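What follows is a single structure, written as structure tokens, with notes after it.
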Amino acid sequence: MVIMPRKALIVVDMLNDFIREDGALYCGKRAQEIIPFIKEKIYEFRREKSPIIFLQDSHDPDDPEFELFGKHCVTGSEGAKIIEELEVKNEDYIVPKKTYDGYYNSDLGKILKENQIEEVHLVGVCTSICVMETSSSLAKRGYKLVIYKNGVADFDPEAHDFALKHMEKIYGAEIA
Ligand SMILES: [Zn+2]
């Protein structure tokens, strides 16, 4: 019998402020085009009973990050909500984060340990920022990474291409 590694799907920052055209930090059309792919992955992981973890940018109203990016995803605001198309269920995890890195100062590590996860699959935005920073943290802690090139997007296409290459060559991620 082949024992499959325990895997989880991490959905990064698919929030109104990043995905809606009128969002505070809209990531562009490409970010909307990945929605059907992500829905399919969520469906696949649900069917296999593998955990689904939504990372949620969640800032204080005076977060210093706003100096770089402007105000977005303030905790409890409409902009910080996960887009309704992804139909979050009660059994899913929602992990708020205050930085680009979804592992840093969050419950992500605890959730992965509790579920004995060995392999994490990532989708969401932005490829070169929160997806890459979170991947970096996970790679350092020995998780096997799978990044779906049709499931991640970035407002900067060059940064997107660089990030995929970097995660593959430097973090050892499988680009699927
Ligand atoms: Zn942010």
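How things are named: the first chain in the structure tokens is A, the next is B, and so on; residues count from 1 in each chain; ligands count from 1 in the order shown.
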Would you pick out the contacts of A:His72 at 12 Å or less, using only C-alpha atoms, so that residues sharing its chain but fewer than 3 positions from it are not included, and give the list as a short mmCIF file (atom, residue, chain, number, x, y, z; two decimals) with C-alpha atoms, in the first residue's frame?
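This is the output file selection_34.cif:
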data_model
loop_
_atom_site.label_atom_id
_atom_site.label_comp_id
_atom_site.auth_asym_id
_atom_site.auth_seq_id
_atom_site.Cartn_x
_atom_site.Cartn_y
_atom_site.Cartn_z
CA ASP A 13 -5.68 36.40 0.45
CA LEU A 15 -10.32 38.80 -0.26
CA ASN A 16 -12.63 41.52 -1.54
CA ASP A 17 -9.99 44.26 -1.34
CA PHE A 18 -7.61 42.32 -3.62
CA ILE A 19 -10.03 40.60 -5.99
CA ASP A 22 -13.54 48.30 -6.55
CA GLY A 23 -11.35 46.78 -3.81
CA ALA A 24 -8.79 48.95 -2.02
CA LEU A 25 -5.84 47.03 -3.51
CA TYR A 26 -7.26 45.38 -6.62
CA GLN A 56 -6.72 36.43 5.52
CA ASP A 57 -4.85 39.72 5.52
CA SER A 58 -6.22 41.44 8.61
CA HIS A 59 -4.75 44.80 9.62
CA ASP A 60 -5.19 47.28 12.45
CA PRO A 61 -6.54 50.64 11.16
CA ASP A 62 -3.08 52.23 11.55
CA ASP A 63 -0.90 49.35 10.33
CA PRO A 64 2.55 50.56 9.14
CA GLU A 65 2.14 48.39 6.00
CA PHE A 66 -0.31 51.06 4.76
CA GLU A 67 2.63 53.42 4.15
CA LEU A 68 3.69 51.10 1.34
CA PHE A 69 0.35 49.91 0.04
CA THR A 75 -9.87 43.65 10.46
CA GLY A 76 -13.63 43.15 10.34
CA SER A 77 -14.16 45.26 7.20
CA GLU A 78 -15.98 44.15 4.04
CA GLY A 79 -12.67 44.40 2.17
CA ALA A 80 -11.03 41.81 4.44
CA LYS A 81 -13.74 39.20 3.78
CA LYS A 98 -0.86 40.93 9.76
#
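The shell of residues at most 10 Å from A:Glu118, with only C-alpha atoms counted and near chain neighbours (fewer than 3 positions) removed, consists of Met4, Pro5, Arg6, Lys7, Ala8, Leu112, Lys113, Asn115, Gly142, Tyr143, Lys144 and Leu145 of chain A.
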Could you write out the selected residues, including N, CA and C atoms, as a PDB file, in the first residue's frame?
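For reference, result_12.pdb as written:
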ATOM      1  N   MET A   4      -0.023   7.966   1.167  1.00  0.00           N
ATOM      2  CA  MET A   4       0.042   9.317   0.604  1.00  0.00           C
ATOM      3  C   MET A   4       0.350  10.319   1.724  1.00  0.00           C
ATOM      4  N   PRO A   5       1.161  11.357   1.421  1.00  0.00           N
ATOM      5  CA  PRO A   5       1.411  12.369   2.456  1.00  0.00           C
ATOM      6  C   PRO A   5       0.127  13.118   2.786  1.00  0.00           C
ATOM      7  N   ARG A   6       0.032  13.536   4.049  1.00  0.00           N
ATOM      8  CA  ARG A   6      -1.130  14.337   4.453  1.00  0.00           C
ATOM      9  C   ARG A   6      -0.965  15.736   3.865  1.00  0.00           C
ATOM     10  N   LYS A   7      -1.950  16.165   3.123  1.00  0.00           N
ATOM     11  CA  LYS A   7      -1.815  17.472   2.473  1.00  0.00           C
ATOM     12  C   LYS A   7      -2.935  18.429   2.843  1.00  0.00           C
ATOM     13  N   ALA A   8      -2.613  19.719   2.693  1.00  0.00           N
ATOM     14  CA  ALA A   8      -3.604  20.775   2.958  1.00  0.00           C
ATOM     15  C   ALA A   8      -3.547  21.772   1.815  1.00  0.00           C
ATOM     16  N   LEU A 112      -1.278  23.115  10.944  1.00  0.00           N
ATOM     17  CA  LEU A 112      -0.597  22.107  10.115  1.00  0.00           C
ATOM     18  C   LEU A 112      -0.118  20.944  10.976  1.00  0.00           C
ATOM     19  N   LYS A 113       0.399  21.253  12.165  1.00  0.00           N
ATOM     20  CA  LYS A 113       0.872  20.198  13.084  1.00  0.00           C
ATOM     21  C   LYS A 113      -0.279  19.326  13.552  1.00  0.00           C
ATOM     22  N   ASN A 115      -2.995  18.669  12.197  1.00  0.00           N
ATOM     23  CA  ASN A 115      -3.517  17.826  11.121  1.00  0.00           C
ATOM     24  C   ASN A 115      -2.449  16.924  10.504  1.00  0.00           C
ATOM     25  N   GLY A 142      10.395  22.587   6.480  1.00  0.00           N
ATOM     26  CA  GLY A 142      10.416  21.226   5.941  1.00  0.00           C
ATOM     27  C   GLY A 142       9.155  20.765   5.233  1.00  0.00           C
ATOM     28  N   TYR A 143       8.211  21.668   4.978  1.00  0.00           N
ATOM     29  CA  TYR A 143       7.007  21.239   4.259  1.00  0.00           C
ATOM     30  C   TYR A 143       7.300  21.123   2.770  1.00  0.00           C
ATOM     31  N   LYS A 144       6.740  20.106   2.159  1.00  0.00           N
ATOM     32  CA  LYS A 144       6.821  19.998   0.704  1.00  0.00           C
ATOM     33  C   LYS A 144       5.784  20.964   0.114  1.00  0.00           C
ATOM     34  N   LEU A 145       6.195  21.703  -0.907  1.00  0.00           N
ATOM     35  CA  LEU A 145       5.324  22.738  -1.479  1.00  0.00           C
ATOM     36  C   LEU A 145       4.886  22.385  -2.887  1.00  0.00           C
TER      37      LEU A 145
END
Sel. of alpha helix (DSSP H) residues, chain A, as a PyMOL selection string: chain A and resi 16-19+29-33+35-47+66-69+108-114+132-140+157-169
Include C-alpha atoms and write out the residues we just selected as a compact mmCIF listing (two decimals), in the first residue's frame.
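The resulting file, again.txt, is reproduced below:
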# COMPACT_ATOMS: atom_id res chain seq x y z
CA ASN A 16 -12.63 41.52 -1.54
CA ASP A 17 -9.99 44.26 -1.34
CA PHE A 18 -7.61 42.32 -3.62
CA ILE A 19 -10.03 40.60 -5.99
CA LYS A 29 -8.10 40.82 -14.00
CA ARG A 30 -5.65 37.96 -13.70
CA ALA A 31 -6.57 37.68 -10.00
CA GLN A 32 -10.22 37.21 -10.98
CA GLU A 33 -9.35 34.69 -13.68
CA ILE A 35 -11.21 31.98 -9.20
CA PRO A 36 -12.61 28.98 -11.17
CA PHE A 37 -9.33 27.06 -10.78
CA ILE A 38 -9.29 27.71 -7.02
CA LYS A 39 -12.92 26.62 -6.72
CA GLU A 40 -12.02 23.36 -8.43
CA LYS A 41 -9.07 22.78 -6.07
CA ILE A 42 -11.26 23.48 -3.04
CA TYR A 43 -13.77 20.96 -4.35
CA GLU A 44 -11.01 18.38 -4.88
CA PHE A 45 -9.58 18.84 -1.36
CA ARG A 46 -13.05 18.71 0.21
CA ARG A 47 -13.76 15.44 -1.58
CA PHE A 66 -0.31 51.06 4.76
CA GLU A 67 2.63 53.42 4.15
CA LEU A 68 3.69 51.10 1.34
CA PHE A 69 0.35 49.91 0.04
CA LEU A 108 -0.92 28.29 10.60
CA GLY A 109 1.92 26.23 12.12
CA LYS A 110 -0.33 24.88 14.85
CA ILE A 111 -3.06 23.90 12.39
CA LEU A 112 -0.60 22.11 10.12
CA LYS A 113 0.87 20.20 13.08
CA GLU A 114 -2.51 19.23 14.50
CA MET A 132 6.15 33.65 -1.83
CA GLU A 133 6.69 34.89 1.75
CA THR A 134 4.42 32.18 3.15
CA SER A 135 6.11 29.54 0.98
CA SER A 136 9.49 30.65 2.27
CA SER A 137 8.42 30.10 5.87
CA LEU A 138 6.92 26.71 5.07
CA ALA A 139 9.95 25.54 3.08
CA LYS A 140 12.25 26.42 6.00
CA PRO A 157 3.49 39.88 -14.39
CA GLU A 158 7.29 40.04 -14.24
CA ALA A 159 7.28 39.60 -10.47
CA HIS A 160 4.85 36.69 -10.94
CA ASP A 161 7.24 34.88 -13.31
CA PHE A 162 10.25 35.57 -11.10
CA ALA A 163 8.43 34.34 -7.98
CA LEU A 164 7.43 31.04 -9.60
CA LYS A 165 11.00 30.45 -10.73
CA HIS A 166 12.38 31.41 -7.31
CA MET A 167 9.98 29.15 -5.40
CA GLU A 168 10.86 26.25 -7.70
CA LYS A 169 14.64 26.69 -7.74
Within 7 Å of A:Asp92 using only C-alpha atoms, minus same-chain residues under 4 positions, as a VMD selection string: chain A and resid 51 to 53 88
Backbone DSSP call of strand (DSSP E) for stretch 6-161 of chain A, listed as number ranges by chain: A: 7-12, 52-57, 93-97, 119-125, 144-153
For N, CA and C atoms, I'd like the residues from the last selection saved as a JSON list (two decimals), in the first residue's frame.
[["chain", "number", "residue", "atom", "x", "y", "z"],
["A", 7, "LYS", "N", -1.95, 16.17, 3.12],
["A", 7, "LYS", "CA", -1.81, 17.47, 2.47],
["A", 7, "LYS", "C", -2.93, 18.43, 2.84],
["A", 8, "ALA", "N", -2.61, 19.72, 2.69],
["A", 8, "ALA", "CA", -3.60, 20.77, 2.96],
["A", 8, "ALA", "C", -3.55, 21.77, 1.81],
["A", 9, "LEU", "N", -4.68, 22.42, 1.57],
["A", 9, "LEU", "CA", -4.74, 23.49, 0.58],
["A", 9, "LEU", "C", -4.72, 24.83, 1.32],
["A", 10, "ILE", "N", -3.79, 25.70, 0.93],
["A", 10, "ILE", "CA", -3.73, 27.03, 1.53],
["A", 10, "ILE", "C", -4.16, 28.04, 0.47],
["A", 11, "VAL", "N", -5.22, 28.76, 0.78],
["A", 11, "VAL", "CA", -5.77, 29.77, -0.15],
["A", 11, "VAL", "C", -5.37, 31.13, 0.40],
["A", 12, "VAL", "N", -4.49, 31.83, -0.35],
["A", 12, "VAL", "CA", -3.88, 33.05, 0.17],
["A", 12, "VAL", "C", -4.66, 34.30, -0.28],
["A", 52, "ILE", "N", -8.68, 22.65, 4.33],
["A", 52, "ILE", "CA", -8.59, 23.86, 3.51],
["A", 52, "ILE", "C", -8.38, 25.04, 4.45],
["A", 53, "ILE", "N", -7.31, 25.78, 4.21],
["A", 53, "ILE", "CA", -6.93, 26.86, 5.11],
["A", 53, "ILE", "C", -6.92, 28.17, 4.33],
["A", 54, "PHE", "N", -7.76, 29.11, 4.75],
["A", 54, "PHE", "CA", -7.80, 30.41, 4.10],
["A", 54, "PHE", "C", -6.93, 31.38, 4.90],
["A", 55, "LEU", "N", -5.94, 31.98, 4.25],
["A", 55, "LEU", "CA", -5.17, 33.04, 4.89],
["A", 55, "LEU", "C", -5.88, 34.36, 4.60],
["A", 56, "GLN", "N", -5.95, 35.19, 5.64],
["A", 56, "GLN", "CA", -6.72, 36.43, 5.52],
["A", 56, "GLN", "C", -5.90, 37.61, 6.04],
["A", 57, "ASP", "N", -5.50, 38.48, 5.13],
["A", 57, "ASP", "CA", -4.85, 39.72, 5.52],
["A", 57, "ASP", "C", -5.81, 40.46, 6.45],
["A", 93, "TYR", "N", -10.51, 26.28, 7.84],
["A", 93, "TYR", "CA", -9.79, 27.15, 8.76],
["A", 93, "TYR", "C", -9.65, 28.54, 8.12],
["A", 94, "ILE", "N", -9.84, 29.57, 8.93],
["A", 94, "ILE", "CA", -9.54, 30.93, 8.49],
["A", 94, "ILE", "C", -8.44, 31.45, 9.40],
["A", 95, "VAL", "N", -7.32, 31.82, 8.80],
["A", 95, "VAL", "CA", -6.16, 32.25, 9.59],
["A", 95, "VAL", "C", -5.85, 33.71, 9.27],
["A", 96, "PRO", "N", -6.15, 34.62, 10.21],
["A", 96, "PRO", "CA", -5.80, 36.02, 9.98],
["A", 96, "PRO", "C", -4.29, 36.22, 10.10],
["A", 97, "LYS", "N", -3.78, 37.16, 9.33],
["A", 97, "LYS", "CA", -2.35, 37.47, 9.36],
["A", 97, "LYS", "C", -2.17, 38.98, 9.21],
["A", 119, "GLU", "N", 2.51, 18.08, 3.29],
["A", 119, "GLU", "CA", 2.59, 18.71, 1.97],
["A", 119, "GLU", "C", 1.54, 19.81, 1.89],
["A", 120, "VAL", "N", 1.98, 21.01, 1.52],
["A", 120, "VAL", "CA", 1.02, 22.12, 1.39],
["A", 120, "VAL", "C", 0.91, 22.56, -0.06],
["A", 121, "HIS", "N", -0.32, 22.76, -0.48],
["A", 121, "HIS", "CA", -0.60, 23.21, -1.85],
["A", 121, "HIS", "C", -1.10, 24.64, -1.77],
["A", 122, "LEU", "N", -0.52, 25.52, -2.58],
["A", 122, "LEU", "CA", -0.86, 26.94, -2.45],
["A", 122, "LEU", "C", -1.52, 27.52, -3.70],
["A", 123, "VAL", "N", -2.54, 28.34, -3.45],
["A", 123, "VAL", "CA", -3.19, 29.13, -4.50],
["A", 123, "VAL", "C", -3.47, 30.51, -3.90],
["A", 124, "GLY", "N", -3.71, 31.51, -4.76],
["A", 124, "GLY", "CA", -4.11, 32.83, -4.26],
["A", 124, "GLY", "C", -3.23, 33.95, -4.78],
["A", 125, "VAL", "N", -3.28, 35.08, -4.08],
["A", 125, "VAL", "CA", -2.54, 36.29, -4.49],
["A", 125, "VAL", "C", -1.71, 36.82, -3.31],
["A", 144, "LYS", "N", 6.74, 20.11, 2.16],
["A", 144, "LYS", "CA", 6.82, 20.00, 0.70],
["A", 144, "LYS", "C", 5.78, 20.96, 0.11],
["A", 145, "LEU", "N", 6.19, 21.70, -0.91],
["A", 145, "LEU", "CA", 5.32, 22.74, -1.48],
["A", 145, "LEU", "C", 4.89, 22.38, -2.89],
["A", 146, "VAL", "N", 3.61, 22.60, -3.14],
["A", 146, "VAL", "CA", 3.10, 22.52, -4.51],
["A", 146, "VAL", "C", 2.41, 23.85, -4.79],
["A", 147, "ILE", "N", 2.87, 24.55, -5.85],
["A", 147, "ILE", "CA", 2.27, 25.84, -6.21],
["A", 147, "ILE", "C", 1.59, 25.67, -7.57],
["A", 148, "TYR", "N", 0.34, 26.05, -7.65],
["A", 148, "TYR", "CA", -0.38, 25.91, -8.93],
["A", 148, "TYR", "C", -0.24, 27.17, -9.76],
["A", 149, "LYS", "N", 0.43, 27.06, -10.90],
["A", 149, "LYS", "CA", 0.66, 28.28, -11.68],
["A", 149, "LYS", "C", -0.65, 28.88, -12.22],
["A", 150, "ASN", "N", -1.66, 28.06, -12.40],
["A", 150, "ASN", "CA", -2.96, 28.60, -12.82],
["A", 150, "ASN", "C", -3.84, 29.02, -11.65],
["A", 151, "GLY", "N", -3.28, 28.88, -10.44],
["A", 151, "GLY", "CA", -4.07, 29.22, -9.25],
["A", 151, "GLY", "C", -3.50, 30.39, -8.47],
["A", 152, "VAL", "N", -2.41, 30.99, -9.00],
["A", 152, "VAL", "CA", -1.82, 32.16, -8.34],
["A", 152, "VAL", "C", -1.75, 33.33, -9.33],
["A", 153, "ALA", "N", -1.76, 34.55, -8.82],
["A", 153, "ALA", "CA", -1.73, 35.72, -9.70],
["A", 153, "ALA", "C", -1.05, 36.88, -8.98]]
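With only C-alpha atoms and all ligand atoms as the atoms that count, the minimum distance from ligand 1 to the choices A:Thr99, A:Gln116, A:Asn90, A:Ser50 is reached by A:Thr99.
For the pair atom CA of A:Glu21 and atom CA of A:Ile83, the separation is 12.1 Å.
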Interatomic distance (Å, one decimal) between atom CA of A:Tyr103 and atom CA of A:Ile117: 14.2 Å
Closest of A:Glu84, A:Glu91, A:Asp101, A:Glu48 to ligand 1 - atom-to-atom distances counting only C-alpha atoms and all ligand atoms: A:Asp101
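The shortest atom-to-atom distance to ligand 1, with only C-alpha atoms and all ligand atoms taken into account, belongs to A:Cys73 out of A:Cys73, A:Ile34, A:Glu174, A:Ile129.
Proximity of A:Cys126, A:Glu85, A:Ile175, A:Lys49 to A:Tyr100, computed with only C-alpha atoms, is greatest for A:Cys126.
The residue that comes closest to ligand 1, out of A:Val74, A:Val131, A:Ala173, A:Val2 and on the basis of only C-alpha atoms and all ligand atoms, is A:Val74.
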Straight-line distance linking atom CA of A:Phe155 with atom CA of A:Gly70, stated in Å to one decimal: 15.2 Å
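Taking only C-alpha atoms into account, A:Tyr171 lies nearest to A:Arg141 out of the set A:Tyr104, A:Arg141, A:Gly28, A:Asp156.
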